[in-house]
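Listing of run_18.pdb; format and content: PDB, C-alpha atoms and all ligand atoms.
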ATOM      1  CA  MET X  20      40.905 -67.828  66.006  1.00  0.00           C
ATOM      2  CA  TYR X  21      41.615 -70.941  63.965  1.00  0.00           C
ATOM      3  CA  ILE X  22      43.971 -73.322  65.747  1.00  0.00           C
ATOM      4  CA  CYS X  23      45.112 -76.471  64.054  1.00  0.00           C
ATOM      5  CA  LEU X  24      46.866 -79.624  65.205  1.00  0.00           C
ATOM      6  CA  GLU X  25      48.961 -81.430  62.619  1.00  0.00           C
ATOM      7  CA  GLY X  26      51.042 -84.597  62.699  1.00  0.00           C
ATOM      8  CA  ILE X  27      51.483 -88.041  61.215  1.00  0.00           C
ATOM      9  CA  ASP X  28      48.969 -90.821  61.905  1.00  0.00           C
ATOM     10  CA  GLY X  29      49.335 -91.982  65.505  1.00  0.00           C
ATOM     11  CA  SER X  30      50.741 -88.684  66.761  1.00  0.00           C
ATOM     12  CA  GLY X  31      47.809 -88.260  69.160  1.00  0.00           C
ATOM     13  CA  LYS X  32      46.020 -85.319  67.554  1.00  0.00           C
ATOM     14  CA  SER X  33      42.495 -86.500  68.357  1.00  0.00           C
ATOM     15  CA  THR X  34      43.237 -86.994  72.069  1.00  0.00           C
ATOM     16  CA  GLN X  35      44.945 -83.626  72.326  1.00  0.00           C
ATOM     17  CA  LEU X  36      42.206 -81.865  70.385  1.00  0.00           C
ATOM     18  CA  GLU X  37      39.636 -83.157  72.839  1.00  0.00           C
ATOM     19  CA  LEU X  38      41.708 -82.071  75.845  1.00  0.00           C
ATOM     20  CA  LEU X  39      42.347 -78.672  74.278  1.00  0.00           C
ATOM     21  CA  GLY X  40      38.629 -78.197  73.583  1.00  0.00           C
ATOM     22  CA  LYS X  41      37.632 -79.079  77.155  1.00  0.00           C
ATOM     23  CA  TRP X  42      40.277 -76.801  78.613  1.00  0.00           C
ATOM     24  CA  LEU X  43      39.213 -73.862  76.404  1.00  0.00           C
ATOM     25  CA  GLU X  44      35.558 -74.413  77.328  1.00  0.00           C
ATOM     26  CA  ASN X  45      36.479 -74.463  81.031  1.00  0.00           C
ATOM     27  CA  CYS X  46      38.218 -71.159  80.439  1.00  0.00           C
ATOM     28  CA  GLY X  47      34.902 -69.785  79.139  1.00  0.00           C
ATOM     29  CA  PHE X  48      35.481 -69.881  75.370  1.00  0.00           C
ATOM     30  CA  THR X  49      33.001 -71.196  72.836  1.00  0.00           C
ATOM     31  CA  VAL X  50      34.778 -73.837  70.829  1.00  0.00           C
ATOM     32  CA  THR X  51      33.977 -75.368  67.441  1.00  0.00           C
ATOM     33  CA  PRO X  52      35.952 -78.587  66.939  1.00  0.00           C
ATOM     34  CA  ILE X  53      36.435 -79.727  63.349  1.00  0.00           C
ATOM     35  CA  ARG X  54      38.400 -82.468  61.656  1.00  0.00           C
ATOM     36  CA  GLU X  55      39.591 -83.317  58.181  1.00  0.00           C
ATOM     37  CA  PRO X  56      38.581 -85.400  56.360  1.00  0.00           C
ATOM     38  CA  THR X  57      35.140 -84.195  57.466  1.00  0.00           C
ATOM     39  CA  ASP X  58      31.885 -86.140  57.733  1.00  0.00           C
ATOM     40  CA  SER X  59      30.570 -84.653  54.463  1.00  0.00           C
ATOM     41  CA  PRO X  60      29.805 -87.012  51.553  1.00  0.00           C
ATOM     42  CA  VAL X  61      33.211 -86.109  50.104  1.00  0.00           C
ATOM     43  CA  GLY X  62      34.892 -86.837  53.435  1.00  0.00           C
ATOM     44  CA  LYS X  63      33.144 -90.212  53.585  1.00  0.00           C
ATOM     45  CA  LEU X  64      34.309 -91.022  50.070  1.00  0.00           C
ATOM     46  CA  ILE X  65      37.870 -90.103  51.080  1.00  0.00           C
ATOM     47  CA  ARG X  66      37.764 -92.420  54.131  1.00  0.00           C
ATOM     48  CA  HIS X  67      36.481 -95.199  51.889  1.00  0.00           C
ATOM     49  CA  MET X  68      39.226 -94.609  49.317  1.00  0.00           C
ATOM     50  CA  LEU X  69      41.921 -94.520  52.002  1.00  0.00           C
ATOM     51  CA  GLN X  70      41.169 -98.219  52.631  1.00  0.00           C
ATOM     52  CA  ASP X  71      42.386 -99.090  49.127  1.00  0.00           C
ATOM     53  CA  PRO X  72      45.768-100.863  49.220  1.00  0.00           C
ATOM     54  CA  LYS X  73      46.905 -98.553  46.397  1.00  0.00           C
ATOM     55  CA  ALA X  74      46.103 -95.414  48.405  1.00  0.00           C
ATOM     56  CA  LYS X  75      49.753 -94.497  48.948  1.00  0.00           C
ATOM     57  CA  GLU X  76      50.664 -94.665  45.260  1.00  0.00           C
ATOM     58  CA  GLU X  77      51.422 -91.403  43.517  1.00  0.00           C
ATOM     59  CA  GLY X  78      48.531 -91.464  41.037  1.00  0.00           C
ATOM     60  CA  PHE X  79      46.049 -92.280  43.751  1.00  0.00           C
ATOM     61  CA  GLN X  80      47.454 -89.511  45.922  1.00  0.00           C
ATOM     62  CA  ARG X  81      46.747 -87.006  43.134  1.00  0.00           C
ATOM     63  CA  THR X  82      43.083 -88.004  43.127  1.00  0.00           C
ATOM     64  CA  LEU X  83      43.003 -87.876  46.909  1.00  0.00           C
ATOM     65  CA  ALA X  84      44.535 -84.392  46.863  1.00  0.00           C
ATOM     66  CA  LEU X  85      41.633 -83.174  44.712  1.00  0.00           C
ATOM     67  CA  LEU X  86      39.087 -84.795  47.003  1.00  0.00           C
ATOM     68  CA  PHE X  87      40.732 -83.412  50.156  1.00  0.00           C
ATOM     69  CA  ALA X  88      40.662 -79.948  48.592  1.00  0.00           C
ATOM     70  CA  ALA X  89      36.956 -80.365  47.713  1.00  0.00           C
ATOM     71  CA  ASP X  90      36.129 -81.595  51.226  1.00  0.00           C
ATOM     72  CA  ARG X  91      38.044 -78.651  52.686  1.00  0.00           C
ATOM     73  CA  THR X  92      36.326 -76.135  50.419  1.00  0.00           C
ATOM     74  CA  LEU X  93      32.944 -77.389  51.650  1.00  0.00           C
ATOM     75  CA  LEU X  94      34.182 -77.089  55.224  1.00  0.00           C
ATOM     76  CA  MET X  95      35.414 -73.547  54.735  1.00  0.00           C
ATOM     77  CA  ASP X  96      32.138 -72.469  53.141  1.00  0.00           C
ATOM     78  CA  ASN X  97      29.898 -74.178  55.664  1.00  0.00           C
ATOM     79  CA  ILE X  98      31.593 -73.828  58.981  1.00  0.00           C
ATOM     80  CA  LEU X  99      34.550 -71.549  59.156  1.00  0.00           C
ATOM     81  CA  VAL X 100      33.369 -68.601  57.153  1.00  0.00           C
ATOM     82  CA  GLU X 101      29.724 -68.526  58.207  1.00  0.00           C
ATOM     83  CA  GLU X 102      29.892 -69.120  61.915  1.00  0.00           C
ATOM     84  CA  GLY X 103      33.141 -70.610  63.071  1.00  0.00           C
ATOM     85  CA  LEU X 104      35.300 -67.574  63.097  1.00  0.00           C
ATOM     86  CA  LYS X 105      33.118 -65.906  65.731  1.00  0.00           C
ATOM     87  CA  ARG X 106      34.392 -68.685  67.983  1.00  0.00           C
ATOM     88  CA  ILE X 107      37.600 -70.567  68.551  1.00  0.00           C
ATOM     89  CA  VAL X 108      37.840 -73.200  65.854  1.00  0.00           C
ATOM     90  CA  ILE X 109      40.129 -76.077  66.777  1.00  0.00           C
ATOM     91  CA  SER X 110      40.934 -78.459  63.990  1.00  0.00           C
ATOM     92  CA  ASP X 111      42.335 -81.936  63.589  1.00  0.00           C
ATOM     93  CA  ARG X 112      44.337 -81.249  60.383  1.00  0.00           C
ATOM     94  CA  SER X 113      44.197 -78.489  57.762  1.00  0.00           C
ATOM     95  CA  PHE X 114      45.463 -77.913  54.207  1.00  0.00           C
ATOM     96  CA  TYR X 115      48.951 -78.421  55.605  1.00  0.00           C
ATOM     97  CA  SER X 116      48.054 -82.144  55.772  1.00  0.00           C
ATOM     98  CA  SER X 117      47.686 -82.081  51.999  1.00  0.00           C
ATOM     99  CA  LEU X 118      51.054 -80.368  51.619  1.00  0.00           C
ATOM    100  CA  ALA X 119      52.654 -82.997  53.871  1.00  0.00           C
ATOM    101  CA  TYR X 120      50.831 -86.137  52.693  1.00  0.00           C
ATOM    102  CA  GLN X 121      50.177 -85.348  49.028  1.00  0.00           C
ATOM    103  CA  ASN X 122      53.710 -84.064  48.667  1.00  0.00           C
ATOM    104  CA  GLY X 123      53.661 -80.296  48.663  1.00  0.00           C
ATOM    105  CA  GLU X 124      53.621 -79.403  45.015  1.00  0.00           C
ATOM    106  CA  GLU X 125      52.528 -76.014  43.805  1.00  0.00           C
ATOM    107  CA  TRP X 126      49.293 -77.291  42.302  1.00  0.00           C
ATOM    108  CA  ILE X 127      48.196 -78.536  45.726  1.00  0.00           C
ATOM    109  CA  ALA X 128      48.565 -75.017  47.063  1.00  0.00           C
ATOM    110  CA  GLN X 129      46.537 -73.794  44.082  1.00  0.00           C
ATOM    111  CA  ILE X 130      43.597 -76.154  44.565  1.00  0.00           C
ATOM    112  CA  ASN X 131      43.570 -75.199  48.249  1.00  0.00           C
ATOM    113  CA  GLN X 132      43.563 -71.479  47.627  1.00  0.00           C
ATOM    114  CA  HIS X 133      40.117 -71.124  49.221  1.00  0.00           C
ATOM    115  CA  SER X 134      41.335 -72.606  52.493  1.00  0.00           C
ATOM    116  CA  LEU X 135      41.876 -70.265  55.382  1.00  0.00           C
ATOM    117  CA  GLU X 136      45.352 -70.060  56.835  1.00  0.00           C
ATOM    118  CA  PRO X 137      45.247 -71.234  60.472  1.00  0.00           C
ATOM    119  CA  ASP X 138      46.230 -68.576  63.029  1.00  0.00           C
ATOM    120  CA  LEU X 139      48.239 -71.185  64.877  1.00  0.00           C
ATOM    121  CA  VAL X 140      49.537 -74.582  63.781  1.00  0.00           C
ATOM    122  CA  ILE X 141      50.856 -76.998  66.390  1.00  0.00           C
ATOM    123  CA  LEU X 142      52.806 -79.929  64.998  1.00  0.00           C
ATOM    124  CA  LEU X 143      52.786 -83.055  67.175  1.00  0.00           C
ATOM    125  CA  ASP X 144      56.061 -84.624  66.179  1.00  0.00           C
ATOM    126  CA  LEU X 145      57.201 -88.148  66.942  1.00  0.00           C
ATOM    127  CA  GLU X 146      59.181 -91.013  65.481  1.00  0.00           C
ATOM    128  CA  VAL X 147      57.429 -93.048  62.823  1.00  0.00           C
ATOM    129  CA  GLU X 148      58.156 -96.340  64.573  1.00  0.00           C
ATOM    130  CA  THR X 149      56.348 -95.181  67.720  1.00  0.00           C
ATOM    131  CA  ALA X 150      53.475 -93.728  65.714  1.00  0.00           C
ATOM    132  CA  ILE X 151      52.925 -96.984  63.808  1.00  0.00           C
ATOM    133  CA  ARG X 152      53.005 -98.988  67.031  1.00  0.00           C
ATOM    134  CA  ARG X 153      50.372 -96.668  68.491  1.00  0.00           C
ATOM    135  CA  CYS X 154      48.100 -96.957  65.426  1.00  0.00           C
ATOM    136  CA  ASP X 155      47.556-100.657  64.958  1.00  0.00           C
ATOM    137  CA  GLY X 156      50.959-102.244  64.892  1.00  0.00           C
ATOM    138  CA  THR X 157      50.922-102.555  61.102  1.00  0.00           C
ATOM    139  CA  ASP X 158      54.562-102.087  60.362  1.00  0.00           C
ATOM    140  CA  SER X 159      55.001-102.624  56.646  1.00  0.00           C
ATOM    141  CA  PHE X 160      58.067-100.969  55.197  1.00  0.00           C
ATOM    142  CA  GLU X 161      55.845 -99.108  52.774  1.00  0.00           C
ATOM    143  CA  ASP X 162      53.873 -97.518  55.619  1.00  0.00           C
ATOM    144  CA  ALA X 163      57.014 -96.654  57.514  1.00  0.00           C
ATOM    145  CA  ASP X 164      58.714 -95.140  54.442  1.00  0.00           C
ATOM    146  CA  PHE X 165      55.615 -93.184  53.499  1.00  0.00           C
ATOM    147  CA  LEU X 166      55.115 -91.815  57.019  1.00  0.00           C
ATOM    148  CA  GLU X 167      58.805 -90.957  57.329  1.00  0.00           C
ATOM    149  CA  SER X 168      58.596 -88.816  54.204  1.00  0.00           C
ATOM    150  CA  VAL X 169      55.409 -87.190  55.547  1.00  0.00           C
ATOM    151  CA  ARG X 170      57.156 -86.478  58.870  1.00  0.00           C
ATOM    152  CA  GLN X 171      60.122 -84.893  57.111  1.00  0.00           C
ATOM    153  CA  ARG X 172      57.841 -82.718  54.997  1.00  0.00           C
ATOM    154  CA  TYR X 173      56.000 -81.606  58.150  1.00  0.00           C
ATOM    155  CA  LEU X 174      59.283 -80.620  59.801  1.00  0.00           C
ATOM    156  CA  LYS X 175      60.225 -78.615  56.717  1.00  0.00           C
ATOM    157  CA  LEU X 176      56.804 -76.937  56.622  1.00  0.00           C
ATOM    158  CA  ALA X 177      57.202 -76.152  60.337  1.00  0.00           C
ATOM    159  CA  GLN X 178      60.331 -74.147  59.587  1.00  0.00           C
ATOM    160  CA  GLN X 179      58.864 -72.417  56.564  1.00  0.00           C
ATOM    161  CA  HIS X 180      55.553 -71.479  58.203  1.00  0.00           C
ATOM    162  CA  SER X 181      56.546 -71.052  61.870  1.00  0.00           C
ATOM    163  CA  PHE X 182      54.547 -73.977  63.269  1.00  0.00           C
ATOM    164  CA  MET X 183      54.954 -74.634  66.973  1.00  0.00           C
ATOM    165  CA  VAL X 184      56.494 -78.091  67.324  1.00  0.00           C
ATOM    166  CA  VAL X 185      55.636 -80.264  70.326  1.00  0.00           C
ATOM    167  CA  ASN X 186      57.346 -83.531  71.230  1.00  0.00           C
ATOM    168  CA  ALA X 187      54.465 -86.015  70.926  1.00  0.00           C
ATOM    169  CA  ASN X 188      56.334 -88.765  72.726  1.00  0.00           C
ATOM    170  CA  SER X 189      56.248 -87.240  76.184  1.00  0.00           C
ATOM    171  CA  GLY X 190      52.970 -88.512  77.643  1.00  0.00           C
ATOM    172  CA  VAL X 191      49.410 -87.233  77.275  1.00  0.00           C
ATOM    173  CA  ASN X 192      49.516 -84.781  80.210  1.00  0.00           C
ATOM    174  CA  LYS X 193      52.862 -83.259  79.343  1.00  0.00           C
ATOM    175  CA  ILE X 194      51.815 -82.791  75.710  1.00  0.00           C
ATOM    176  CA  HIS X 195      48.567 -81.149  76.855  1.00  0.00           C
ATOM    177  CA  SER X 196      50.539 -78.764  79.115  1.00  0.00           C
ATOM    178  CA  ASP X 197      52.885 -77.917  76.261  1.00  0.00           C
ATOM    179  CA  ILE X 198      49.912 -77.140  74.025  1.00  0.00           C
ATOM    180  CA  LYS X 199      48.246 -74.994  76.715  1.00  0.00           C
ATOM    181  CA  ARG X 200      51.467 -73.042  77.148  1.00  0.00           C
ATOM    182  CA  ILE X 201      51.502 -72.304  73.432  1.00  0.00           C
ATOM    183  CA  VAL X 202      47.802 -71.423  73.120  1.00  0.00           C
ATOM    184  CA  ALA X 203      47.306 -69.384  76.316  1.00  0.00           C
ATOM    185  CA  PRO X 204      49.315 -66.288  75.363  1.00  0.00           C
ATOM    186  CA  LYS X 205      47.606 -66.181  71.957  1.00  0.00           C
ATOM    187  CA  LEU X 206      44.306 -65.751  73.811  1.00  0.00           C
ATOM    188  CA  GLY X 207      45.673 -63.275  76.331  1.00  0.00           C
ATOM    189  CA  MET X 208      45.739 -65.808  79.172  1.00  0.00           C
ATOM    190  CA  CYS X 209      48.459 -66.579  81.699  1.00  0.00           C
ATOM    191  CA  ILE X 210      48.856 -70.156  82.933  1.00  0.00           C
TER
HETATM  192  P1  LIG X 301      43.090 -88.948  60.197  1.00  0.00           P
HETATM  193  O1  LIG X 301      43.331 -87.632  60.830  1.00  0.00           O
HETATM  194  O2  LIG X 301      44.014 -90.047  60.554  1.00  0.00           O
HETATM  195  O3  LIG X 301      41.588 -89.324  60.436  1.00  0.00           O
HETATM  196  P2  LIG X 301      40.979 -90.392  61.417  1.00  0.00           P
HETATM  197  O4  LIG X 301      41.956 -90.629  62.528  1.00  0.00           O
HETATM  198  O5  LIG X 301      39.741 -89.693  61.892  1.00  0.00           O
HETATM  199  O6  LIG X 301      40.696 -91.577  60.551  1.00  0.00           O
HETATM  200  O7  LIG X 301      43.095 -88.733  58.611  1.00  0.00           O
HETATM  201  C1  LIG X 301      42.900 -89.791  57.753  1.00  0.00           C
HETATM  202  C2  LIG X 301      44.057 -89.898  56.796  1.00  0.00           C
HETATM  203  O8  LIG X 301      43.954 -88.880  55.798  1.00  0.00           O
HETATM  204  C3  LIG X 301      45.436 -89.753  57.417  1.00  0.00           C
HETATM  205  O9  LIG X 301      46.236 -90.837  57.023  1.00  0.00           O
HETATM  206  C4  LIG X 301      45.981 -88.485  56.806  1.00  0.00           C
HETATM  207  C5  LIG X 301      45.238 -88.383  55.528  1.00  0.00           C
HETATM  208  N1  LIG X 301      45.124 -87.004  54.976  1.00  0.00           N
HETATM  209  C6  LIG X 301      45.786 -86.690  53.810  1.00  0.00           C
HETATM  210  O10 LIG X 301      46.490 -87.539  53.238  1.00  0.00           O
HETATM  211  N2  LIG X 301      45.638 -85.435  53.261  1.00  0.00           N
HETATM  212  C7  LIG X 301      44.867 -84.488  53.848  1.00  0.00           C
HETATM  213  O11 LIG X 301      44.755 -83.357  53.319  1.00  0.00           O
HETATM  214  C8  LIG X 301      44.181 -84.822  55.067  1.00  0.00           C
HETATM  215  C9  LIG X 301      43.301 -83.802  55.730  1.00  0.00           C
HETATM  216  C10 LIG X 301      44.338 -86.094  55.596  1.00  0.00           C
END
Could you render the structure from this file as structure tokens?
Ligand code: TYD
Amino acid sequence: MYICLEGIDGSGKSTQLELLGKWLENCGFTVTPIREPTDSPVGKLIRHMLQDPKAKEEGFQRTLALLFAADRTLLMDNILVEEGLKRIVISDRSFYSSLAYQNGEEWIAQINQHSLEPDLVILLDLEVETAIRRCDGTDSFEDADFLESVRQRYLKLAQQHSFMVVNANSGVNKIHSDIKRIVAPKLGMCI
């Protein structure tokens, strides 16, 4: 089982991933948490490059798309295929982040063809303004515009690929309950 949380920056994925992992472990499952970008050398390079003020420009995004795909290919080879799929893999992001952030062109799907399709994608959706406030308060128009386009692409992907959409503005506990209600039946549990 490969479960993935998606959403714009500040949507609370990391917090919810941790809560989901603890809950699944309490239910007796063995859980492998992963996140993208990973901690591989490629993932570290990506995090470094994301600091560049030009990171949101189109040309830069093309380079990032290639690096994200490389980082993800390493992840698939090392973790998911070899050991992870014997367990429940819960992931902070997946190749759908590339489709949403690097603007869903066909070539992005092509360079990600070695990525596994998650069994379940949960989109934590919230307004950009709230997300930016939660991050660090940086509220440049460029950030807001960029994140708004990412949010819209996520909502479109959600329709196309049957993501489960959760309102990420409803408080940590409520969001966790919503996620549990979505995940439980997939694992044959009643809550
Ligand atoms: P993020 O999940 O915010 O990592 P962290 O909170 O650990 O720093 O991811 C870092 C950024 O990378 C975020 O702005 C989304 C972006 N990103 C992409 O643009 N494309 C991708 O394919 C992935 C996985 C992430």
task = Starting from the shown file, work through the PyMOL selection byres (((chain X and resi 136-151) around 8) and not hetatm) and note down what comes out as an MDAnalysis selection string.
result = chainID X and resid 20:32 113 134:135 152:158 163 166:167 170 173 177 182:188 198
Residues of the last selection are to be written out with C-alpha atoms, as a short mmCIF file (atom, residue, chain, number, x, y, z; two decimals), in the coordinates of the input.
data_model
loop_
_atom_site.label_atom_id
_atom_site.label_comp_id
_atom_site.auth_asym_id
_atom_site.auth_seq_id
_atom_site.Cartn_x
_atom_site.Cartn_y
_atom_site.Cartn_z
CA MET X 20 40.90 -67.83 66.01
CA TYR X 21 41.62 -70.94 63.96
CA ILE X 22 43.97 -73.32 65.75
CA CYS X 23 45.11 -76.47 64.05
CA LEU X 24 46.87 -79.62 65.20
CA GLU X 25 48.96 -81.43 62.62
CA GLY X 26 51.04 -84.60 62.70
CA ILE X 27 51.48 -88.04 61.22
CA ASP X 28 48.97 -90.82 61.90
CA GLY X 29 49.34 -91.98 65.50
CA SER X 30 50.74 -88.68 66.76
CA GLY X 31 47.81 -88.26 69.16
CA LYS X 32 46.02 -85.32 67.55
CA SER X 113 44.20 -78.49 57.76
CA SER X 134 41.34 -72.61 52.49
CA LEU X 135 41.88 -70.26 55.38
CA ARG X 152 53.00 -98.99 67.03
CA ARG X 153 50.37 -96.67 68.49
CA CYS X 154 48.10 -96.96 65.43
CA ASP X 155 47.56 -100.66 64.96
CA GLY X 156 50.96 -102.24 64.89
CA THR X 157 50.92 -102.56 61.10
CA ASP X 158 54.56 -102.09 60.36
CA ALA X 163 57.01 -96.65 57.51
CA LEU X 166 55.12 -91.82 57.02
CA GLU X 167 58.80 -90.96 57.33
CA ARG X 170 57.16 -86.48 58.87
CA TYR X 173 56.00 -81.61 58.15
CA ALA X 177 57.20 -76.15 60.34
CA PHE X 182 54.55 -73.98 63.27
CA MET X 183 54.95 -74.63 66.97
CA VAL X 184 56.49 -78.09 67.32
CA VAL X 185 55.64 -80.26 70.33
CA ASN X 186 57.35 -83.53 71.23
CA ALA X 187 54.46 -86.02 70.93
CA ASN X 188 56.33 -88.76 72.73
CA ILE X 198 49.91 -77.14 74.03
#
task = Specify as a PyMOL selection string each residue included when the PyMOL selection byres (((not hetatm)) within 9 of (chain X and resi 301)) is applied to this file.
result = chain X and resi 25-29+32-33+54-57+65-66+69+75+80+83-84+86-88+90-91+111-121+166
query = So what do you get for CA of His195 in chain X versus CA of Glu37 in chain X, distance-wise?
reply =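 About the pair CA of His195 in chain X and CA of Glu37 in chain X: they are 10.0 Å apart.
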key: Spatial neighbours of Thr51 in chain X, 9 Å, all atoms listed in the file, chain gap at least 3 places, as a ChimeraX atom specification   = /X:40,98,103,106-110
remark   = Taken to one decimal, the CA of Arg81 in chain X-CA of Asp162 in chain X distance is 17.8 Å
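In this comparison, which uses only C-alpha atoms, the residue of X:Ala203, X:Ile194, X:Ala89, X:Val169 approaching Leu43 in chain X most closely is X:Ala203.
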